[in-house]
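Here is the structure we will look at.
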Amino acid sequence: MSESSISESSSEAGPQSSTVSDIVIRFAGNSQDGIQSIGGFLARLAGRSEQEVMTFMTIPATISGGPSIFQVRMGSGEVLSAGDEADVLVAFYDHSYANHIGSLKKGGILLYDSDHVEPDETKAGEYHHIGIPISSRTIEAIGGTARDKGKNIFTLGLIAKMFDLDIEKLERLITERFGNKSASILETAMSAFHAGYSFSVENLLKVFRLEPGKAKDQDQVVMTGNEALGYGIIAAGVRFGAGYPITPWSDIMELLRRELPKYGGSFIQCEDELAAVSMAIGAGYAGRVSITGSSGPGIALKSEAVGWAVMAEIPLIVIDVQRGGPSTGLPTNVEQSDLNIAIYGGHGDSPRVVMAPATVEDCFHTAIEAVNIARKYSVPVYILSDQAIATRIEAFPEPDLEKICQDISPDLSPVETHKPYDLSTPDGLTQHRPPGTWIMDGKYPIATGLEHDEYGRPTGNPKYHIEMTAKRRNKLRALAQSLPKPTIYGPPEGHILLVGWGSTLGPIREAVDKARAAGDSISAIHIRHINPLPPGIDDIMARFHHVLVVELNDEGLYGYGQLASLLRTRFADPKIRSITKTDGLTYKITEILDNVKDFLELEAAKN
Amino acid sequence: MSTILAEPQPPKDQDRPPLKKKDIAADHPTWCPGCGDFSVLAFYFKLIEKKNLWQEKITTVAGIGCSSRFPYFVQGHGVHFIHGRALPFATGISLTRPDLHLFVFSGDGDAFSIGGNHLNHAARKNVNLTYVIMDNQVYGLTKKQTSPTSPLGFKSKTDMWGSVDRPINPMKQLIGAGATFIARTTATNPKHLMAAMEAALDHNGFSVIECLSECTEFFAGAFDATNPRKGGDFMEVPKDHDVTNESAAYKLAEDSFPGYFGTFYDVETPTKNEKEAEIIEKLQSKVQGMKDWEILKSNFDKMK
Ligand SMILES: Cc1ncc(C[n+]2csc(CCOP(=O)(O)OP(=O)(O)O)c2C)c(N)n1
Ligand code: SF4
Ligand SMILES: [Mg+2]
């Protein structure tokens, strides 16, 4: 919480008020307490206000609850990450307090449920301790039975008072959320909210008011990365998909199962990932670019079939919501360790496209771009999301859906003749004709995984293997040429260039801002097209002394993370170095800066 | 509102000469002389001719194996997919393209071993397609390893002392999985094979045929006991068998070899295709008159 313009004023009664530009609140409890939904309300409130918002959550790996947190950061300026430290920690239980007090800023506010938590009073000097009997007050307000359900809304009321939030907008959000349930549910929620709001806050030291932000000239939509990917897939015109449940991918398949029928499509739950990818490729062959997806273990299972799609040149979208691996690994933590399997996870030479969205908004647009690349280049495209981006909530300007939404219904017009693997086309780009197409010369194509001639007939002739291998590679080289050069965050030359991909965009940019403010010469680029890489990266790197690739994976046997290894292979440039970590959590700004500092000290010691 | 379907635009049937074998036969099959698979192909051609299944109306899909090379020999839209996964692939076609009839071909290894679980689920979902399992009780393409239908004691390269794992009973397996049309036939009885194919084609839902098809190279004589010309017995399903009676079908399947030939089971239940279409219809009625982008917009409006 940066109290930029401290304008303290005492209203007639009650606490002082001060203005802040940015707040970070961490709710820590159990997942059944519904703390995710407090965060959801706050995020949507910010979306409807002038504030920017970013959230961060962890979900328990166990089925019925378990410790869980939700962190919300709201600010008047650009909010890039969920924040390193919390200004306010709301702790529902002793374990929440014990596990998360470390994330509270010194001098921050500990708001705890005094029915359950006994804070260490020796720490009272370091933090402002505010105990509120949240559980018993909620019971008083709404009756005993719905206790666990109401606590979150009661707390929302407390927070609304504490931060002087727009109560009308919050009431509207609550009504929208519960209004279509029974009237008594809405009434209960409202009672809990008002009880929290009007609860005596005299032991609060102050209330805070967010600085007014810039008015948004466009409606904001508020959603998670998984939702943005799912809706992006729909906007792209995809009407068929198949999958098998696994966290954190399942949300996307559930969304598509629920939504696609409205558009005349369907999403099929399969017996396993082998079936899912096969079914999606089958539908793609039939003329409908289709989507499958999974996380770690399921992605491994899809490998063989994806190789077939590369060989047969059938478009396909594979979403990989990465989590910690290998094997079942860390199912509910973030990691960026599937870059290698996405690019290289196939036998034989099997070039495919890999993209990585950097924000929730980018998830939406990446989905559409991926579909269009898959169709144009007749190739499987992986979208590498991750647990952090999948579950966090962001607000972004509502896209112009009328303009963006695509119709990609199959074209079954008759053709005179058709060579599915014509070797004479520029850049090796060919389009597959779906079954049902009348091919007038009577020569029909075979889609096959065997090496083949231009009609798809199998052949062991070395000439064809050489030329077809080149065709499959060259079309991706052509794609690379069409990709935009990465934009540089910060000046185009300097001492250090940070390179990132995927969900680390926010912390990297904030790290750059912070270091630059302290006088360091540092910039960053973020790579969305991982394979093929866009042109121009080498020109950018040439203007910096050091290139540090920041990613959430292991440095591996040879000391470089997965993107760093790819860039070193591609550019053979020894100045490309790695910053990695494997704690299953998103990067903190300070972690990035400390790593940079350590690197520079080591370099200095060498000279 | 777009739909999942696109209308193919073939010429009208009456404007075209009837289909002839030369229109639908592609490369000469690469099977060994005497391989039973030739006969299955020959009757596939006959079926196509008889029913005038123009190339825009069907798709031929296969997994991997000798038998699965099938699509290369058919002049028509065809797919040679990966080992064991032809059924889910074909399901993807079936569910998005109800204008097509799907024929899927597999060997016994492709169907019952590597693809075993897919078979169970395609059957239980009652996906609308026809599945022909060309059972030679051996792995042909990889040159004589034990297959899940190899009889006990069969000497193969992986069971040099004779196989020790009990073979599966294909008919029982298919009945248990919930296939809605199940027939057993053999490549050596042309009329019977043709009748089975025709009945399978006419069935609405998941129709599956187990067709004994001898591998003359690696398991010669495997089916002599079913062939009257080789001194065997071709036992047809008794005339009074009730094809809608699951336990009767199961009983019939008890004696797995040489076993009975004919239709074991044939019932009508809603297909996966129909069920999904129902869901689509129901949900689309709620967004009637809305363009796709407007449907999406209505979701986005709730996320503000
Ligand atoms: C994933 C995978 N594993 C193994 C193989 C090798 N393979 C090809 S066909 C086959 C078995 C074929 O037997 P069957 O399905 O009975 O067909 P048949 O050749 O007898 O007609 C095997 C093991 C493969 N192609 N792919
Ligand atoms: S190996 Fe056997 S199954 Fe394969 S083609 Fe030869 S005879 Fe037929
Ligand atoms: Mg076989």
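Each chain of the structure tokens is named A, B, ... in the order shown, its residues numbered from 1; ligands are numbered from 1 in display order.
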Check every protein, DNA and RNA residue against ligand 2, keep those with an atom at most 6 Å away (counting only C-alpha atoms and all ligand atoms), and present them as a PyMOL selection string.
chain B and resi 31-32+35+66+140-141+215-218
Cut-off 10 Å, only C-alpha atoms and all ligand atoms, neighbours of ligand 3 as a PyMOL selection string
chain B and resi 65-68+106-112+133-150+212-215+218-219
Keeping only N, CA, C and O atoms, write those residues as a short mmCIF file (atom, residue, chain, number, x, y, z; two decimals), in the first residue's frame.
data_model
loop_
_atom_site.label_atom_id
_atom_site.label_comp_id
_atom_site.auth_asym_id
_atom_site.auth_seq_id
_atom_site.Cartn_x
_atom_site.Cartn_y
_atom_site.Cartn_z
N GLY B 65 -1.86 -51.98 -38.55
CA GLY B 65 -1.78 -53.44 -38.65
C GLY B 65 -1.92 -53.78 -40.12
O GLY B 65 -2.16 -52.90 -40.94
N CYS B 66 -1.76 -55.08 -40.46
CA CYS B 66 -1.96 -55.47 -41.86
C CYS B 66 -3.36 -55.09 -42.30
O CYS B 66 -3.57 -54.43 -43.31
N SER B 67 -4.34 -55.50 -41.49
CA SER B 67 -5.74 -55.24 -41.81
C SER B 67 -6.00 -53.75 -41.93
O SER B 67 -6.79 -53.31 -42.77
N SER B 68 -5.33 -52.98 -41.12
CA SER B 68 -5.60 -51.54 -41.08
C SER B 68 -5.03 -50.78 -42.28
O SER B 68 -5.25 -49.58 -42.41
N SER B 106 -10.04 -52.62 -38.09
CA SER B 106 -8.95 -52.89 -37.16
C SER B 106 -8.59 -54.36 -37.19
O SER B 106 -9.41 -55.19 -37.57
N GLY B 107 -7.39 -54.65 -36.71
CA GLY B 107 -7.04 -56.04 -36.43
C GLY B 107 -7.41 -56.36 -34.99
O GLY B 107 -7.88 -55.50 -34.24
N ASP B 108 -7.17 -57.61 -34.60
CA ASP B 108 -7.52 -58.04 -33.25
C ASP B 108 -6.63 -57.35 -32.21
O ASP B 108 -7.08 -57.01 -31.11
N GLY B 109 -5.38 -57.09 -32.56
CA GLY B 109 -4.50 -56.38 -31.64
C GLY B 109 -4.92 -54.92 -31.51
O GLY B 109 -5.02 -54.36 -30.41
N ASP B 110 -5.19 -54.31 -32.64
CA ASP B 110 -5.61 -52.91 -32.69
C ASP B 110 -6.89 -52.72 -31.87
O ASP B 110 -7.02 -51.77 -31.10
N ALA B 111 -7.83 -53.66 -32.03
CA ALA B 111 -9.14 -53.51 -31.40
C ALA B 111 -9.15 -53.91 -29.93
O ALA B 111 -9.69 -53.20 -29.09
N PHE B 112 -8.55 -55.07 -29.63
CA PHE B 112 -8.75 -55.63 -28.29
C PHE B 112 -7.58 -55.40 -27.35
O PHE B 112 -7.70 -55.56 -26.15
N ILE B 133 -13.77 -55.72 -37.14
CA ILE B 133 -12.52 -56.22 -36.55
C ILE B 133 -12.10 -57.46 -37.33
O ILE B 133 -12.82 -58.46 -37.36
N MET B 134 -10.97 -57.35 -38.00
CA MET B 134 -10.48 -58.46 -38.80
C MET B 134 -9.56 -59.30 -37.92
O MET B 134 -8.40 -58.96 -37.71
N ASP B 135 -10.14 -60.37 -37.41
CA ASP B 135 -9.45 -61.14 -36.37
C ASP B 135 -8.69 -62.31 -37.00
O ASP B 135 -9.31 -63.23 -37.54
N ASN B 136 -7.37 -62.27 -36.92
CA ASN B 136 -6.56 -63.40 -37.39
C ASN B 136 -5.85 -64.09 -36.22
O ASN B 136 -5.00 -64.94 -36.41
N GLN B 137 -6.19 -63.69 -35.03
CA GLN B 137 -5.65 -64.29 -33.80
C GLN B 137 -4.13 -64.23 -33.72
O GLN B 137 -3.49 -65.07 -33.08
N VAL B 138 -3.57 -63.23 -34.38
CA VAL B 138 -2.11 -63.08 -34.33
C VAL B 138 -1.78 -61.64 -34.73
O VAL B 138 -2.61 -60.94 -35.32
N TYR B 139 -0.58 -61.18 -34.35
CA TYR B 139 -0.10 -59.91 -34.87
C TYR B 139 0.56 -60.18 -36.21
O TYR B 139 1.61 -60.82 -36.27
N GLY B 140 -0.08 -59.72 -37.28
CA GLY B 140 0.45 -59.98 -38.61
C GLY B 140 1.55 -59.02 -39.00
O GLY B 140 2.66 -59.42 -39.32
N LEU B 141 1.26 -57.73 -38.89
CA LEU B 141 2.19 -56.73 -39.40
C LEU B 141 3.56 -56.82 -38.73
O LEU B 141 4.59 -56.63 -39.36
N THR B 142 3.55 -57.12 -37.44
CA THR B 142 4.83 -57.17 -36.72
C THR B 142 5.39 -58.59 -36.70
O THR B 142 6.31 -58.89 -35.97
N LYS B 143 4.75 -59.48 -37.49
CA LYS B 143 5.30 -60.80 -37.81
C LYS B 143 5.27 -61.81 -36.68
O LYS B 143 6.30 -62.29 -36.22
N LYS B 144 4.04 -62.10 -36.28
CA LYS B 144 3.80 -63.26 -35.43
C LYS B 144 4.17 -63.12 -33.95
O LYS B 144 5.00 -63.86 -33.43
N GLN B 145 3.54 -62.17 -33.31
CA GLN B 145 3.53 -62.20 -31.85
C GLN B 145 2.13 -62.62 -31.39
O GLN B 145 1.19 -62.62 -32.18
N THR B 146 2.03 -62.97 -30.12
CA THR B 146 0.74 -63.39 -29.57
C THR B 146 -0.23 -62.21 -29.58
O THR B 146 0.17 -61.08 -29.28
N SER B 147 -1.47 -62.49 -29.92
CA SER B 147 -2.48 -61.43 -29.86
C SER B 147 -3.47 -61.75 -28.74
O SER B 147 -3.48 -62.87 -28.23
N PRO B 148 -4.30 -60.81 -28.36
CA PRO B 148 -5.23 -61.09 -27.27
C PRO B 148 -6.27 -62.15 -27.62
O PRO B 148 -6.97 -62.64 -26.75
N THR B 149 -6.38 -62.49 -28.92
CA THR B 149 -7.33 -63.56 -29.27
C THR B 149 -6.61 -64.86 -29.63
O THR B 149 -7.26 -65.85 -29.99
N SER B 150 -5.27 -64.90 -29.56
CA SER B 150 -4.55 -66.14 -29.86
C SER B 150 -5.00 -67.23 -28.88
O SER B 150 -5.10 -66.98 -27.68
N LEU B 212 -13.56 -63.30 -38.81
CA LEU B 212 -12.36 -64.13 -38.82
C LEU B 212 -11.70 -63.98 -40.18
O LEU B 212 -12.36 -64.09 -41.22
N SER B 213 -10.42 -63.69 -40.19
CA SER B 213 -9.71 -63.40 -41.44
C SER B 213 -8.31 -63.98 -41.31
O SER B 213 -7.46 -63.45 -40.60
N GLU B 214 -8.12 -65.06 -42.00
CA GLU B 214 -6.91 -65.85 -41.76
C GLU B 214 -5.62 -65.15 -42.19
O GLU B 214 -5.55 -64.56 -43.27
N CYS B 215 -4.63 -65.24 -41.32
CA CYS B 215 -3.27 -64.80 -41.68
C CYS B 215 -2.54 -66.04 -42.21
O CYS B 215 -2.09 -66.87 -41.43
N PHE B 218 1.28 -66.24 -40.92
CA PHE B 218 1.72 -66.51 -39.55
C PHE B 218 0.77 -67.37 -38.71
O PHE B 218 1.10 -67.75 -37.60
N PHE B 219 -0.41 -67.62 -39.23
CA PHE B 219 -1.31 -68.51 -38.49
C PHE B 219 -2.22 -69.24 -39.48
O PHE B 219 -3.44 -69.15 -39.41
#
Please provide the set of residues having any atom within 9 Å of Thr60 in chain B, restricted to only C-alpha atoms, with same-chain residues fewer than 5 positions apart removed, written as a ChimeraX atom specification.
/B:70-71,74,76-80,90,101-105
Please identify the strand (DSSP E or B) residues within range 29-261 of chain B (assignment by DSSP from backbone atoms) and present them as a count of residues only.
42
With DSSP run on the backbone, what are the helix (DSSP H, G or I) residues within range 47-201 of chain B? I'd like them as a PyMOL selection string.
chain B and resi 47-51+67-73+86-96+108-114+116-125+170-177+190-201
Could you write out as number ranges by chain the residues of chain A within 7 Å of chain B, counting only C-alpha atoms?
A: 44, 47-48, 220-223, 239, 261-265, 271, 275, 278-283, 286, 305, 401-402, 405, 409-410, 412-414, 435-438, 443-449, 457
Please tabulate, as JSON lines, the residues of chain A that come within 12 Å of ligand 1, each with its closest pair of atoms and the distance in Å to one decimal, counting only C-alpha atoms and all ligand atoms and ordering rows by chain, then residue number upward.
{"residue": "A:Leu274", "atom": "CA", "partner": "ligand 1", "partner_atom_place_in_ligand_line": "1 (C)", "distance": 11.0}
{"residue": "A:Leu301", "atom": "CA", "partner": "ligand 1", "partner_atom_place_in_ligand_line": "1 (C)", "distance": 11.3}
{"residue": "A:Lys302", "atom": "CA", "partner": "ligand 1", "partner_atom_place_in_ligand_line": "1 (C)", "distance": 11.7}
{"residue": "A:Ser303", "atom": "CA", "partner": "ligand 1", "partner_atom_place_in_ligand_line": "1 (C)", "distance": 10.7}
{"residue": "A:Glu304", "atom": "CA", "partner": "ligand 1", "partner_atom_place_in_ligand_line": "1 (C)", "distance": 7.6}
{"residue": "A:Ala305", "atom": "CA", "partner": "ligand 1", "partner_atom_place_in_ligand_line": "1 (C)", "distance": 9.6}
{"residue": "A:Gly307", "atom": "CA", "partner": "ligand 1", "partner_atom_place_in_ligand_line": "1 (C)", "distance": 11.5}
{"residue": "A:Trp308", "atom": "CA", "partner": "ligand 1", "partner_atom_place_in_ligand_line": "26 (N)", "distance": 11.3}
{"residue": "A:His347", "atom": "CA", "partner": "ligand 1", "partner_atom_place_in_ligand_line": "1 (C)", "distance": 11.2}
{"residue": "A:Gly449", "atom": "CA", "partner": "ligand 1", "partner_atom_place_in_ligand_line": "25 (N)", "distance": 10.0}
{"residue": "A:Leu450", "atom": "CA", "partner": "ligand 1", "partner_atom_place_in_ligand_line": "25 (N)", "distance": 10.2}
Could you list, as a PyMOL selection string, every residue within 8 Å of range 584-593 of chain A, counting only C-alpha atoms and ignoring same-chain residues fewer than 6 positions away?
chain A and resi 83-84+324+330+333-335+388+504+507-508+510-511+515+550+552
May I have the residues within 7 Å of range 184-194 of chain B as a compact mmCIF listing (two decimals) with C-alpha atoms, in the first residue's frame, using only C-alpha atoms and disregarding those fewer than 3 positions away in the same chain?
# COMPACT_ATOMS: atom_id res chain seq x y z
CA GLY B 36 -8.27 -63.29 -45.56
CA SER B 39 -12.14 -60.98 -49.04
CA VAL B 40 -13.21 -58.32 -46.54
CA PHE B 43 -17.16 -57.26 -49.96
CA MET B 197 -21.81 -55.81 -43.52
CA GLU B 198 -25.16 -54.77 -44.87
CA ILE B 209 -18.52 -57.16 -36.73
CA GLU B 210 -15.87 -59.63 -35.74
CA CYS B 211 -14.72 -61.17 -38.99
CA LEU B 212 -12.36 -64.13 -38.82
CA SER B 213 -9.71 -63.40 -41.44
CA PHE B 261 -21.80 -67.03 -36.80
CA GLY B 262 -24.46 -64.42 -37.36
CA THR B 263 -26.05 -61.58 -35.46
One number please: CA of Pro170 in chain B to CA of Pro29 in chain B, in Å, one decimal.
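About the pair CA of Pro170 in chain B and CA of Pro29 in chain B: they are 26.8 Å apart.
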Considering only C-alpha atoms, return as a PDB file with C-alpha atoms, in the first residue's frame whatever protein or nucleic-acid residues lie within 9 Å of Glu85 in chain A, sequence-local ones (same chain, fewer than 3 positions apart) excluded.
ATOM      1  CA  VAL A  24      -2.825  -5.837  -1.474  1.00  0.00           C
ATOM      2  CA  ILE A  25      -5.140  -7.968   0.637  1.00  0.00           C
ATOM      3  CA  ARG A  26      -4.498 -11.633   1.335  1.00  0.00           C
ATOM      4  CA  ALA A  82      -0.520  -9.642  -7.445  1.00  0.00           C
ATOM      5  CA  VAL A  88      -3.658  -6.604   4.940  1.00  0.00           C
ATOM      6  CA  GLY A 102       5.340 -13.866   6.799  1.00  0.00           C
ATOM      7  CA  SER A 103       3.685 -12.446   3.701  1.00  0.00           C
ATOM      8  CA  LEU A 104       2.371  -9.427   5.626  1.00  0.00           C
ATOM      9  CA  LYS A 105       4.320  -6.255   5.210  1.00  0.00           C
ATOM     10  CA  LYS A 588       8.132 -11.950  -6.538  1.00  0.00           C
TER      11      LYS A 588
END
Taking only C-alpha atoms into account, which of A:Tyr97, A:Phe154, A:Ala374, A:Thr138 comes nearest Pro119 in chain A?
A:Tyr97
Please provide as a PyMOL selection string all residues within 12 Å of Glu227 in chain A, with the sequence filter that same-chain residues fewer than 4 positions apart are discarded (counting only C-alpha atoms).
(chain A and resi 221-223+231-234+248-256+259+360-364+367+385+389-394) or (chain B and resi 299-300+303)
Could you work out how far CA of Ile530 in chain A lies from CA of Tyr464 in chain A, giving the answer in Å with one decimal?
28.7 Å
Could I get the residues of range 378-419 of chain A with an atom no further than 12 Å from an atom of range 210-218 of chain A, each paired with its nearest atom pair and that distance in Å to one decimal, using only C-alpha atoms, sorted by chain and residue number, as JSON lines?
{"residue": "A:Ala395", "atom": "CA", "partner": "A:Lys216", "partner_atom": "CA", "distance": 11.3}
{"residue": "A:Phe396", "atom": "CA", "partner": "A:Gln218", "partner_atom": "CA", "distance": 9.1}
{"residue": "A:Pro397", "atom": "CA", "partner": "A:Gln218", "partner_atom": "CA", "distance": 5.8}
{"residue": "A:Glu398", "atom": "CA", "partner": "A:Gln218", "partner_atom": "CA", "distance": 6.9}
{"residue": "A:Pro399", "atom": "CA", "partner": "A:Gln218", "partner_atom": "CA", "distance": 9.2}
{"residue": "A:Asp400", "atom": "CA", "partner": "A:Gln218", "partner_atom": "CA", "distance": 10.2}
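Our summary of the geometry notes that CA of Leu497 in chain A is positioned 16.8 Å from CA of Pro535 in chain A.
Residue nearest Asp272 in chain A, chosen from A:Leu600, A:Ala236, A:Ala192, A:Ala242 and counting only C-alpha atoms: A:Ala242.
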